[in-house]
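Next comes entry.cif, a file with mmCIF, C-alpha atoms.
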```cif
data_protein
loop_
_atom_site.label_atom_id
_atom_site.label_comp_id
_atom_site.auth_asym_id
_atom_site.auth_seq_id
_atom_site.Cartn_x
_atom_site.Cartn_y
_atom_site.Cartn_z
CA MET A 19 -60.02 -44.67 -47.14
CA ILE A 20 -58.05 -47.87 -47.60
CA ASP A 21 -56.96 -49.47 -44.33
CA PHE A 22 -53.76 -51.38 -45.14
CA HIS A 23 -53.37 -53.06 -41.74
CA THR A 24 -56.21 -55.07 -40.19
CA HIS A 25 -56.62 -58.44 -38.49
CA ILE A 26 -59.54 -60.84 -38.26
CA PHE A 27 -60.01 -64.44 -37.18
CA PRO A 28 -62.50 -67.20 -37.98
CA ASP A 29 -65.66 -66.73 -35.92
CA ALA A 30 -65.01 -69.86 -33.86
CA VAL A 31 -61.56 -68.79 -32.68
CA ALA A 32 -61.87 -64.98 -32.52
CA PRO A 33 -62.80 -64.75 -28.79
CA LYS A 34 -59.92 -67.00 -27.76
CA ALA A 35 -57.46 -65.20 -30.05
CA LEU A 36 -58.36 -61.77 -28.72
CA ALA A 37 -58.19 -62.98 -25.10
CA SER A 38 -54.74 -64.47 -25.70
CA LEU A 39 -53.44 -61.27 -27.29
CA GLN A 40 -54.84 -59.17 -24.44
CA ALA A 41 -53.16 -61.47 -21.93
CA GLY A 42 -49.85 -60.79 -23.68
CA THR A 43 -50.22 -57.04 -23.22
CA LEU A 44 -51.01 -57.60 -19.55
CA ARG A 45 -47.81 -59.60 -19.10
CA VAL A 46 -45.59 -57.14 -20.96
CA GLU A 47 -47.27 -53.77 -20.48
CA GLY A 48 -49.15 -54.40 -17.26
CA ARG A 49 -52.44 -53.47 -18.93
CA ALA A 50 -54.83 -55.02 -21.40
CA VAL A 51 -55.44 -53.23 -24.69
CA PRO A 52 -59.18 -53.52 -25.44
CA PRO A 53 -60.17 -54.58 -28.97
CA ARG A 54 -62.41 -52.21 -30.94
CA THR A 55 -64.21 -54.99 -32.84
CA ASP A 56 -65.00 -58.62 -32.02
CA GLY A 57 -62.17 -59.74 -34.29
CA THR A 58 -64.43 -61.34 -36.89
CA MET A 59 -64.97 -60.54 -40.56
CA THR A 60 -68.45 -59.21 -39.80
CA GLY A 61 -67.07 -57.03 -37.03
CA LEU A 62 -64.46 -55.57 -39.35
CA VAL A 63 -66.98 -54.79 -42.09
CA VAL A 64 -69.27 -53.07 -39.58
CA SER A 65 -66.32 -51.01 -38.32
CA MET A 66 -65.38 -50.11 -41.89
CA THR A 67 -68.88 -48.79 -42.53
CA GLU A 68 -68.88 -46.81 -39.28
CA ASN A 69 -65.44 -45.36 -40.03
CA ALA A 70 -65.85 -44.57 -43.74
CA VAL A 71 -63.31 -47.17 -44.91
CA GLU A 72 -63.86 -48.43 -48.44
CA LYS A 73 -61.40 -51.34 -48.43
CA SER A 74 -59.32 -53.15 -45.83
CA VAL A 75 -56.21 -55.27 -46.26
CA VAL A 76 -56.31 -58.23 -43.89
CA LEU A 77 -52.96 -59.48 -42.57
CA PRO A 78 -53.02 -63.05 -41.20
CA ILE A 79 -50.06 -64.48 -39.31
CA ALA A 80 -48.89 -68.10 -39.20
CA THR A 81 -47.29 -68.45 -35.77
CA LYS A 82 -46.20 -72.03 -36.49
CA PRO A 83 -45.73 -73.97 -39.73
CA SER A 84 -48.73 -76.23 -39.18
CA GLN A 85 -51.06 -73.21 -39.24
CA THR A 86 -50.14 -72.09 -42.74
CA PRO A 87 -52.59 -74.23 -44.77
CA SER A 88 -55.67 -73.33 -42.71
CA ILE A 89 -54.70 -69.66 -42.49
CA ASN A 90 -54.25 -69.41 -46.23
CA ARG A 91 -57.54 -71.23 -46.90
CA PHE A 92 -59.23 -68.68 -44.66
CA ALA A 93 -57.49 -65.85 -46.54
CA SER A 94 -58.71 -67.20 -49.87
CA GLY A 95 -62.25 -67.52 -48.57
CA ILE A 96 -62.69 -63.94 -47.40
CA GLN A 97 -61.60 -62.09 -50.53
CA SER A 98 -64.25 -59.60 -51.64
CA ASP A 99 -64.71 -56.13 -53.07
CA ARG A 100 -64.16 -54.67 -49.60
CA LEU A 101 -61.66 -57.12 -48.10
CA LEU A 102 -58.30 -57.98 -49.63
CA SER A 103 -56.51 -60.62 -47.60
CA PHE A 104 -52.80 -61.17 -47.84
CA TYR A 105 -51.42 -64.63 -47.03
CA SER A 106 -48.82 -65.94 -44.60
CA LEU A 107 -46.24 -68.63 -44.04
CA HIS A 108 -43.75 -69.49 -41.33
CA PRO A 109 -40.02 -68.93 -41.96
CA GLN A 110 -39.17 -72.35 -40.53
CA GLN A 111 -41.49 -74.47 -42.64
CA GLU A 112 -39.79 -76.81 -45.07
CA ASP A 113 -42.15 -76.10 -47.98
CA TRP A 114 -41.83 -72.32 -47.77
CA ALA A 115 -40.93 -71.96 -51.46
CA ALA A 116 -43.91 -74.04 -52.60
CA VAL A 117 -46.21 -71.99 -50.39
CA LEU A 118 -45.01 -68.77 -52.01
CA ASP A 119 -45.47 -70.29 -55.47
CA GLU A 120 -49.03 -71.25 -54.56
CA ILE A 121 -49.82 -67.78 -53.22
CA ALA A 122 -48.61 -66.22 -56.45
CA ALA A 123 -50.49 -68.80 -58.54
CA VAL A 124 -53.84 -67.93 -56.94
CA GLY A 125 -53.26 -64.22 -57.55
CA GLY A 126 -52.20 -63.23 -54.06
CA LYS A 127 -50.81 -59.72 -53.75
CA GLY A 128 -48.65 -60.25 -50.71
CA ILE A 129 -47.76 -61.91 -47.43
CA LYS A 130 -47.56 -60.90 -43.80
CA LEU A 131 -44.60 -61.94 -41.66
CA HIS A 132 -44.35 -61.22 -37.94
CA PRO A 133 -40.78 -61.71 -36.70
CA GLU A 134 -41.84 -61.40 -33.05
CA PHE A 135 -44.61 -64.01 -33.14
CA GLN A 136 -42.54 -66.22 -35.46
CA PHE A 137 -39.32 -65.87 -33.41
CA ALA A 138 -37.31 -65.19 -36.56
CA ASP A 139 -34.80 -62.38 -37.02
CA VAL A 140 -35.68 -60.40 -40.11
CA ASP A 141 -32.08 -60.56 -41.34
CA SER A 142 -31.76 -64.32 -40.77
CA PRO A 143 -31.11 -66.63 -43.74
CA GLU A 144 -34.66 -68.02 -43.43
CA MET A 145 -36.22 -64.59 -43.78
CA ILE A 146 -33.81 -63.40 -46.47
CA ARG A 147 -34.66 -66.35 -48.71
CA ILE A 148 -38.37 -65.55 -48.34
CA LEU A 149 -37.74 -61.92 -49.25
CA HIS A 150 -35.75 -62.97 -52.31
CA LYS A 151 -38.44 -65.30 -53.61
CA ALA A 152 -41.27 -62.89 -52.79
CA ALA A 153 -39.47 -60.24 -54.83
CA ALA A 154 -39.09 -62.67 -57.74
CA LEU A 155 -42.81 -63.46 -57.56
CA HIS A 156 -43.78 -59.77 -57.26
CA LEU A 157 -45.36 -60.26 -53.83
CA ILE A 158 -45.59 -57.42 -51.31
CA VAL A 159 -44.15 -58.30 -47.90
CA VAL A 160 -45.73 -56.62 -44.87
CA LEU A 161 -43.52 -56.96 -41.80
CA HIS A 162 -44.30 -56.26 -38.20
CA ALA A 163 -41.41 -53.94 -37.37
CA GLY A 164 -40.01 -52.89 -34.03
CA LYS A 165 -41.25 -53.94 -30.61
CA ASP A 166 -44.58 -55.68 -30.05
CA ILE A 167 -46.82 -54.51 -27.25
CA GLY A 168 -47.49 -58.08 -26.12
CA MET A 169 -44.07 -59.69 -26.57
CA PRO A 170 -40.99 -59.43 -24.35
CA PRO A 171 -37.47 -58.78 -25.69
CA PRO A 172 -35.46 -59.49 -27.72
CA VAL A 173 -36.79 -57.65 -30.75
CA HIS A 174 -36.46 -59.64 -33.98
CA CYS A 175 -37.03 -56.80 -36.44
CA THR A 176 -35.08 -53.78 -35.28
CA PRO A 177 -34.52 -50.94 -37.75
CA MET A 178 -30.85 -51.94 -38.05
CA GLN A 179 -31.77 -55.56 -38.78
CA LEU A 180 -34.35 -54.48 -41.33
CA ALA A 181 -31.80 -52.23 -43.01
CA ARG A 182 -29.49 -55.23 -43.35
CA ALA A 183 -32.32 -57.28 -44.85
CA LEU A 184 -33.07 -54.54 -47.37
CA ASP A 185 -29.39 -54.35 -48.29
CA ALA A 186 -29.49 -58.10 -48.97
CA VAL A 187 -32.71 -57.92 -51.02
CA PRO A 188 -32.89 -54.41 -52.50
CA ASP A 189 -35.66 -55.32 -54.95
CA ALA A 190 -38.07 -56.53 -52.24
CA CYS A 191 -41.31 -54.56 -51.87
CA VAL A 192 -41.48 -54.17 -48.09
CA VAL A 193 -44.09 -52.46 -45.95
CA ALA A 194 -42.66 -51.95 -42.46
CA ALA A 195 -45.63 -51.68 -40.12
CA HIS A 196 -45.91 -49.22 -37.25
CA MET A 197 -43.92 -46.46 -38.99
CA GLY A 198 -40.96 -48.71 -39.57
CA GLY A 199 -40.42 -49.93 -36.01
CA TRP A 200 -42.85 -49.60 -33.11
CA ARG A 201 -41.34 -47.65 -30.22
CA MET A 202 -37.97 -47.64 -32.00
CA TRP A 203 -38.54 -44.51 -34.04
CA ASP A 204 -35.20 -42.85 -33.32
CA GLU A 205 -33.54 -45.88 -34.90
CA VAL A 206 -36.05 -45.81 -37.78
CA GLU A 207 -34.94 -42.26 -38.52
CA GLN A 208 -31.32 -43.36 -38.39
CA TYR A 209 -31.52 -46.50 -40.53
CA LEU A 210 -34.73 -46.56 -42.59
CA VAL A 211 -36.20 -43.13 -43.31
CA GLY A 212 -35.63 -42.23 -46.92
CA ARG A 213 -35.15 -45.78 -48.15
CA GLY A 214 -37.28 -47.23 -50.94
CA MET A 215 -39.82 -48.95 -48.73
CA TYR A 216 -43.22 -48.20 -47.24
CA PHE A 217 -44.26 -47.53 -43.65
CA ASP A 218 -47.78 -47.89 -42.32
CA THR A 219 -49.44 -45.91 -39.55
CA ALA A 220 -50.86 -48.82 -37.54
CA PHE A 221 -51.11 -48.35 -33.76
CA VAL A 222 -48.77 -45.39 -33.75
CA ALA A 223 -50.72 -42.22 -32.92
CA ASP A 224 -50.86 -42.69 -29.13
CA TYR A 225 -47.21 -43.72 -28.76
CA ILE A 226 -45.10 -41.36 -30.88
CA ALA A 227 -44.38 -37.68 -30.33
CA PRO A 228 -46.36 -35.68 -32.92
CA GLU A 229 -43.32 -33.70 -34.02
CA GLN A 230 -41.39 -36.92 -34.71
CA TYR A 231 -44.39 -38.47 -36.49
CA LEU A 232 -44.65 -35.48 -38.83
CA ARG A 233 -40.89 -35.29 -39.37
CA MET A 234 -40.73 -38.97 -40.32
CA ILE A 235 -43.61 -38.66 -42.78
CA ARG A 236 -42.08 -35.62 -44.45
CA ASN A 237 -38.51 -36.97 -44.53
CA HIS A 238 -39.53 -40.40 -45.76
CA GLY A 239 -42.05 -38.97 -48.20
CA ALA A 240 -45.82 -38.92 -47.88
CA ASP A 241 -46.01 -41.01 -51.05
CA ARG A 242 -44.54 -43.97 -49.14
CA ILE A 243 -46.82 -43.91 -46.10
CA LEU A 244 -49.84 -46.23 -45.96
CA PHE A 245 -52.87 -45.68 -43.77
CA GLY A 246 -53.28 -48.58 -41.34
CA SER A 247 -55.27 -48.87 -38.13
CA ASP A 248 -54.22 -52.29 -36.76
CA SER A 249 -57.92 -53.08 -36.28
CA PRO A 250 -59.23 -54.48 -33.98
CA TRP A 251 -56.72 -52.69 -31.73
CA GLU A 252 -57.41 -49.18 -33.02
CA THR A 253 -60.28 -47.64 -34.95
CA PRO A 254 -59.62 -46.07 -38.35
CA GLN A 255 -61.09 -42.78 -37.17
CA HIS A 256 -58.64 -42.65 -34.27
CA THR A 257 -55.77 -43.32 -36.67
CA LEU A 258 -57.07 -40.64 -39.02
CA ALA A 259 -57.48 -38.11 -36.20
CA GLY A 260 -53.85 -38.68 -35.23
CA LEU A 261 -52.75 -37.88 -38.76
CA GLN A 262 -55.04 -34.87 -39.10
CA ALA A 263 -53.64 -33.39 -35.88
CA LEU A 264 -50.15 -33.26 -37.41
CA GLY A 265 -50.95 -30.43 -39.80
CA LEU A 266 -50.43 -32.44 -42.97
CA THR A 267 -51.62 -30.88 -46.21
CA ALA A 268 -54.76 -32.14 -47.91
CA GLU A 269 -52.57 -33.58 -50.66
CA GLU A 270 -50.44 -35.49 -48.15
CA LEU A 271 -53.53 -36.89 -46.43
CA GLU A 272 -54.99 -38.00 -49.76
CA LYS A 273 -51.79 -39.88 -50.55
CA ILE A 274 -51.64 -41.55 -47.16
CA THR A 275 -55.30 -42.48 -46.78
CA HIS A 276 -55.85 -44.07 -50.17
CA GLN A 277 -53.76 -42.96 -53.16
CA ASN A 278 -50.57 -44.75 -52.13
CA ALA A 279 -52.41 -48.00 -51.43
CA ASP A 280 -54.26 -47.76 -54.74
CA ARG A 281 -50.99 -47.30 -56.58
CA LEU A 282 -49.13 -50.03 -54.72
CA LEU A 283 -51.87 -52.62 -55.04
CA GLY A 284 -52.28 -51.74 -58.69
CA GLN A 285 -48.59 -52.38 -59.34
CA TYR A 286 -48.78 -55.82 -57.72
CA THR A 287 -51.61 -57.43 -59.64
CA GLY A 288 -50.97 -60.98 -58.40
#
```
Starting from the file, lay out its structure as structure tokens.
Amino acid sequence: MIDFHTHIFPDAVAPKALASLQAGTLRVEGRAVPPRTDGTMTGLVVSMTENAVEKSVVLPIATKPSQTPSINRFASGIQSDRLLSFYSLHPQQEDWAAVLDEIAAVGGKGIKLHPEFQFADVDSPEMIRILHKAAALHLIVVLHAGKDIGMPPPVHCTPMQLARALDAVPDACVVAAHMGGWRMWDEVEQYLVGRGMYFDTAFVADYIAPEQYLRMIRNHGADRILFGSDSPWETPQHTLAGLQALGLTAEELEKITHQNADRLLGQYTG
């Protein structure tokens, strides 16, 4: 399996980062979501071995412009045969174009943007210019899409907003996490299903009706669904069990669990 949606932190900050994220779910959801690893690189690799995952894509997030240099240094330092880290930047930083040039120059395959944590509407001019340049540099853009379990409204990447962004930048290679829009799946079916983009399965299985989950996969196309667990918040085996319970064919599962990621990553060679 290739897990296209994971998160880790430097060892020194992982406990604080996980505690802060859990506190957010308490404020918004009234309950803490327990992490399934300790949030470190070692913890992720151990989980991968336990869950039969061959490779994980790590998705760091710069929540303010000043974090970008250290986050991207960390991303560069953890690349390995088993871990492929994307990079990040903040939509409001002045040197955003230079950051993207540098990511492409070092062979980066993509970036992660989180409109909720970055307080940036996905169809804003700041985000659109990033999508345009990422497309020109052949960088994959993974977007948190829909609501976030630890953030209050408003939502900054609704399916309608994302559809407008895709209209503005039709050549962007976008992966919309959480099946296109967490807890906004009716709108995903209305505005995004069938478009030339990818969805991932991160942190979806326990929150979506199985019949809608299966319908979305089939209508969007199993060749544009990427397996993602959102580790440390869900284990890969739990994500896989949610997919297996849908009654997908063996061919569809093969596409989702590794073939699509292999193909996509192979197309974007950095």
Who sits within 6 Å of Pro250 of chain A, all atoms listed in the file, same chain under 3 positions skipped, as a CSV table (one decimal) with C-alpha atoms, in the frame of the given file:
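Output saved as part-v7.csv:
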```csv
chain,number,residue,atom,x,y,z
A,53,PRO,CA,-60.2,-54.6,-29.0
A,54,ARG,CA,-62.4,-52.2,-30.9
A,55,THR,CA,-64.2,-55.0,-32.8
```
- Query: If I put a ball of radius 9 Å at (-62.8, -58.5, -46.9) in the file's coordinates, which residues poke into it when counting all atoms listed in the file, written as a PyMOL selection string?
  - Reply: chain A and resi 59+62-63+73-76+96-103
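Using all atoms listed in the file, the nearest neighbour of Gly126 of chain A within the list A:Lys273, A:Asp189, A:Leu155, A:Arg45 is A:Leu155.
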Report, as lines of an AutoDock Vina configuration file, the axis-aligned box around all atoms of segment 198-209 of chain A present in the file, extended by 4 Å on each side; give centre and edge lengths in Å to one decimal place.
```
center_x = -37.1
center_y = -46.1
center_z = -35.4
size_x = 19.5
size_y = 15.7
size_z = 18.3
```
- Query: Using all atoms listed in the file, which of the listed residues (A:Leu264, A:Met202, A:Ile167, A:Val160) sits closest to Tyr216 of chain A?
  - Reply: A:Val160
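Atom pair atom CA of Val140 of chain A / atom CA of Ile89 of chain A has a distance of 21.3 Å (rounded to one decimal).
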- Close residues, Gly57 of chain A itself excluded, 12 Å, all atoms listed in the file, min 2 positions apart in chain, as JSON, numbers by chain: {"A": [24, 25, 26, 27, 28, 29, 30, 31, 32, 33, 34, 35, 36, 37, 39, 52, 53, 54, 55, 59, 60, 61, 62, 63, 64, 65, 76, 78, 248, 249, 250, 251, 252]}
- Report as a list in words the residues that result from applying the PyMOL selection byres ((chain A and resi 161) around 9) to the structure here.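 After applying the PyMOL selection byres ((chain A and resi 161) around 9), what remains is Ile129, Lys130, Leu131, His132, Pro133, Val140, Val159, Val160, His162, Ala163, Cys175, Val192, Val193, Ala194, Ala195 and Gly198 of chain A.
Proximity ranking of A:Met215, A:Gln111, A:Lys127, A:Ala183 relative to Ser142 of chain A places A:Ala183 first, based on only C-alpha atoms.
Counting all atoms listed in the file, the residue from A:Leu180, A:Ile274, A:Ala240, A:Val71 that sits nearest to Gln208 of chain A is A:Leu180.
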- Task: Go through A:Ala70, A:Ala50, A:Leu244, A:Ala152 and flag the residue nearest Ala122 of chain A, using only C-alpha atoms for the distances.
- Result: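 Of A:Ala70, A:Ala50, A:Leu244, A:Ala152, the one nearest Ala122 of chain A is A:Ala152, counting only C-alpha atoms.
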- Quick one: pull the distance between atom CA of Ala153 of chain A and atom CA of Arg236 of chain A, Å, one decimal.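 According to the coordinates, atom CA of Ala153 of chain A and atom CA of Arg236 of chain A are separated by 26.8 Å.
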Where atoms are missing, can you supply N, CA and C atoms for segment 250-283 of chain A and output the lot as a PDB file, in the coordinates of the input?
```pdb
ATOM      1  N   PRO A 250     -58.254 -55.085 -34.880  1.00  0.00           N
ATOM      2  CA  PRO A 250     -59.230 -54.480 -33.980  1.00  0.00           C
ATOM      3  C   PRO A 250     -58.648 -53.659 -32.831  1.00  0.00           C
ATOM      4  N   TRP A 251     -57.351 -53.337 -32.870  1.00  0.00           N
ATOM      5  CA  TRP A 251     -56.720 -52.690 -31.730  1.00  0.00           C
ATOM      6  C   TRP A 251     -56.804 -51.171 -31.774  1.00  0.00           C
ATOM      7  N   GLU A 252     -57.210 -50.621 -32.902  1.00  0.00           N
ATOM      8  CA  GLU A 252     -57.410 -49.180 -33.020  1.00  0.00           C
ATOM      9  C   GLU A 252     -58.459 -48.949 -34.091  1.00  0.00           C
ATOM     10  N   THR A 253     -59.280 -47.933 -33.932  1.00  0.00           N
ATOM     11  CA  THR A 253     -60.280 -47.640 -34.950  1.00  0.00           C
ATOM     12  C   THR A 253     -59.658 -46.777 -36.047  1.00  0.00           C
ATOM     13  N   PRO A 254     -60.138 -46.917 -37.276  1.00  0.00           N
ATOM     14  CA  PRO A 254     -59.620 -46.070 -38.350  1.00  0.00           C
ATOM     15  C   PRO A 254     -59.790 -44.585 -38.069  1.00  0.00           C
ATOM     16  N   GLN A 255     -60.885 -44.196 -37.441  1.00  0.00           N
ATOM     17  CA  GLN A 255     -61.090 -42.780 -37.170  1.00  0.00           C
ATOM     18  C   GLN A 255     -60.068 -42.251 -36.169  1.00  0.00           C
ATOM     19  N   HIS A 256     -59.676 -43.076 -35.220  1.00  0.00           N
ATOM     20  CA  HIS A 256     -58.640 -42.650 -34.270  1.00  0.00           C
ATOM     21  C   HIS A 256     -57.305 -42.481 -34.991  1.00  0.00           C
ATOM     22  N   THR A 257     -56.996 -43.422 -35.872  1.00  0.00           N
ATOM     23  CA  THR A 257     -55.770 -43.320 -36.670  1.00  0.00           C
ATOM     24  C   THR A 257     -55.795 -42.061 -37.520  1.00  0.00           C
ATOM     25  N   LEU A 258     -56.935 -41.813 -38.162  1.00  0.00           N
ATOM     26  CA  LEU A 258     -57.070 -40.640 -39.020  1.00  0.00           C
ATOM     27  C   LEU A 258     -56.936 -39.353 -38.210  1.00  0.00           C
ATOM     28  N   ALA A 259     -57.563 -39.312 -37.032  1.00  0.00           N
ATOM     29  CA  ALA A 259     -57.480 -38.110 -36.200  1.00  0.00           C
ATOM     30  C   ALA A 259     -56.035 -37.819 -35.809  1.00  0.00           C
ATOM     31  N   GLY A 260     -55.257 -38.878 -35.552  1.00  0.00           N
ATOM     32  CA  GLY A 260     -53.850 -38.680 -35.230  1.00  0.00           C
ATOM     33  C   GLY A 260     -53.076 -38.062 -36.373  1.00  0.00           C
ATOM     34  N   LEU A 261     -53.400 -38.460 -37.590  1.00  0.00           N
ATOM     35  CA  LEU A 261     -52.750 -37.880 -38.760  1.00  0.00           C
ATOM     36  C   LEU A 261     -53.214 -36.443 -38.993  1.00  0.00           C
ATOM     37  N   GLN A 262     -54.507 -36.209 -38.862  1.00  0.00           N
ATOM     38  CA  GLN A 262     -55.040 -34.870 -39.100  1.00  0.00           C
ATOM     39  C   GLN A 262     -54.469 -33.852 -38.117  1.00  0.00           C
ATOM     40  N   ALA A 263     -54.162 -34.298 -36.905  1.00  0.00           N
ATOM     41  CA  ALA A 263     -53.640 -33.390 -35.880  1.00  0.00           C
ATOM     42  C   ALA A 263     -52.213 -32.937 -36.173  1.00  0.00           C
ATOM     43  N   LEU A 264     -51.546 -33.588 -37.129  1.00  0.00           N
ATOM     44  CA  LEU A 264     -50.150 -33.260 -37.410  1.00  0.00           C
ATOM     45  C   LEU A 264     -49.989 -32.008 -38.264  1.00  0.00           C
ATOM     46  N   GLY A 265     -51.064 -31.574 -38.907  1.00  0.00           N
ATOM     47  CA  GLY A 265     -50.950 -30.430 -39.800  1.00  0.00           C
ATOM     48  C   GLY A 265     -50.501 -30.794 -41.198  1.00  0.00           C
ATOM     49  N   LEU A 266     -50.750 -32.033 -41.610  1.00  0.00           N
ATOM     50  CA  LEU A 266     -50.430 -32.440 -42.970  1.00  0.00           C
ATOM     51  C   LEU A 266     -51.308 -31.693 -43.965  1.00  0.00           C
ATOM     52  N   THR A 267     -50.809 -31.533 -45.171  1.00  0.00           N
ATOM     53  CA  THR A 267     -51.620 -30.880 -46.210  1.00  0.00           C
ATOM     54  C   THR A 267     -52.697 -31.851 -46.686  1.00  0.00           C
ATOM     55  N   ALA A 268     -53.697 -31.302 -47.348  1.00  0.00           N
ATOM     56  CA  ALA A 268     -54.760 -32.140 -47.910  1.00  0.00           C
ATOM     57  C   ALA A 268     -54.179 -33.127 -48.908  1.00  0.00           C
ATOM     58  N   GLU A 269     -53.193 -32.689 -49.684  1.00  0.00           N
ATOM     59  CA  GLU A 269     -52.570 -33.580 -50.660  1.00  0.00           C
ATOM     60  C   GLU A 269     -51.841 -34.731 -49.972  1.00  0.00           C
ATOM     61  N   GLU A 270     -51.139 -34.439 -48.886  1.00  0.00           N
ATOM     62  CA  GLU A 270     -50.440 -35.490 -48.150  1.00  0.00           C
ATOM     63  C   GLU A 270     -51.428 -36.492 -47.561  1.00  0.00           C
ATOM     64  N   LEU A 271     -52.529 -36.001 -47.007  1.00  0.00           N
ATOM     65  CA  LEU A 271     -53.530 -36.890 -46.430  1.00  0.00           C
ATOM     66  C   LEU A 271     -54.170 -37.769 -47.496  1.00  0.00           C
ATOM     67  N   GLU A 272     -54.420 -37.209 -48.670  1.00  0.00           N
ATOM     68  CA  GLU A 272     -54.990 -38.000 -49.760  1.00  0.00           C
ATOM     69  C   GLU A 272     -54.043 -39.133 -50.143  1.00  0.00           C
ATOM     70  N   LYS A 273     -52.768 -38.832 -50.224  1.00  0.00           N
ATOM     71  CA  LYS A 273     -51.790 -39.880 -50.550  1.00  0.00           C
ATOM     72  C   LYS A 273     -51.801 -40.971 -49.493  1.00  0.00           C
ATOM     73  N   ILE A 274     -51.766 -40.574 -48.238  1.00  0.00           N
ATOM     74  CA  ILE A 274     -51.640 -41.550 -47.160  1.00  0.00           C
ATOM     75  C   ILE A 274     -52.901 -42.380 -47.000  1.00  0.00           C
ATOM     76  N   THR A 275     -54.066 -41.766 -47.095  1.00  0.00           N
ATOM     77  CA  THR A 275     -55.300 -42.480 -46.780  1.00  0.00           C
ATOM     78  C   THR A 275     -55.789 -43.394 -47.888  1.00  0.00           C
ATOM     79  N   HIS A 276     -55.385 -43.133 -49.138  1.00  0.00           N
ATOM     80  CA  HIS A 276     -55.850 -44.070 -50.170  1.00  0.00           C
ATOM     81  C   HIS A 276     -55.014 -44.086 -51.444  1.00  0.00           C
ATOM     82  N   GLN A 277     -54.439 -42.978 -51.857  1.00  0.00           N
ATOM     83  CA  GLN A 277     -53.760 -42.960 -53.160  1.00  0.00           C
ATOM     84  C   GLN A 277     -52.549 -43.892 -53.199  1.00  0.00           C
ATOM     85  N   ASN A 278     -51.752 -43.897 -52.144  1.00  0.00           N
ATOM     86  CA  ASN A 278     -50.570 -44.750 -52.130  1.00  0.00           C
ATOM     87  C   ASN A 278     -50.951 -46.231 -52.185  1.00  0.00           C
ATOM     88  N   ALA A 279     -51.970 -46.602 -51.423  1.00  0.00           N
ATOM     89  CA  ALA A 279     -52.410 -48.000 -51.430  1.00  0.00           C
ATOM     90  C   ALA A 279     -52.966 -48.382 -52.793  1.00  0.00           C
ATOM     91  N   ASP A 280     -53.748 -47.494 -53.399  1.00  0.00           N
ATOM     92  CA  ASP A 280     -54.260 -47.760 -54.740  1.00  0.00           C
ATOM     93  C   ASP A 280     -53.125 -48.017 -55.722  1.00  0.00           C
ATOM     94  N   ARG A 281     -52.113 -47.167 -55.653  1.00  0.00           N
ATOM     95  CA  ARG A 281     -50.990 -47.300 -56.580  1.00  0.00           C
ATOM     96  C   ARG A 281     -50.212 -48.581 -56.312  1.00  0.00           C
ATOM     97  N   LEU A 282     -49.916 -48.854 -55.064  1.00  0.00           N
ATOM     98  CA  LEU A 282     -49.130 -50.030 -54.720  1.00  0.00           C
ATOM     99  C   LEU A 282     -49.855 -51.309 -55.090  1.00  0.00           C
ATOM    100  N   LEU A 283     -51.107 -51.413 -54.743  1.00  0.00           N
ATOM    101  CA  LEU A 283     -51.870 -52.620 -55.040  1.00  0.00           C
ATOM    102  C   LEU A 283     -52.062 -52.789 -56.541  1.00  0.00           C
TER     103      LEU A 283
END
```
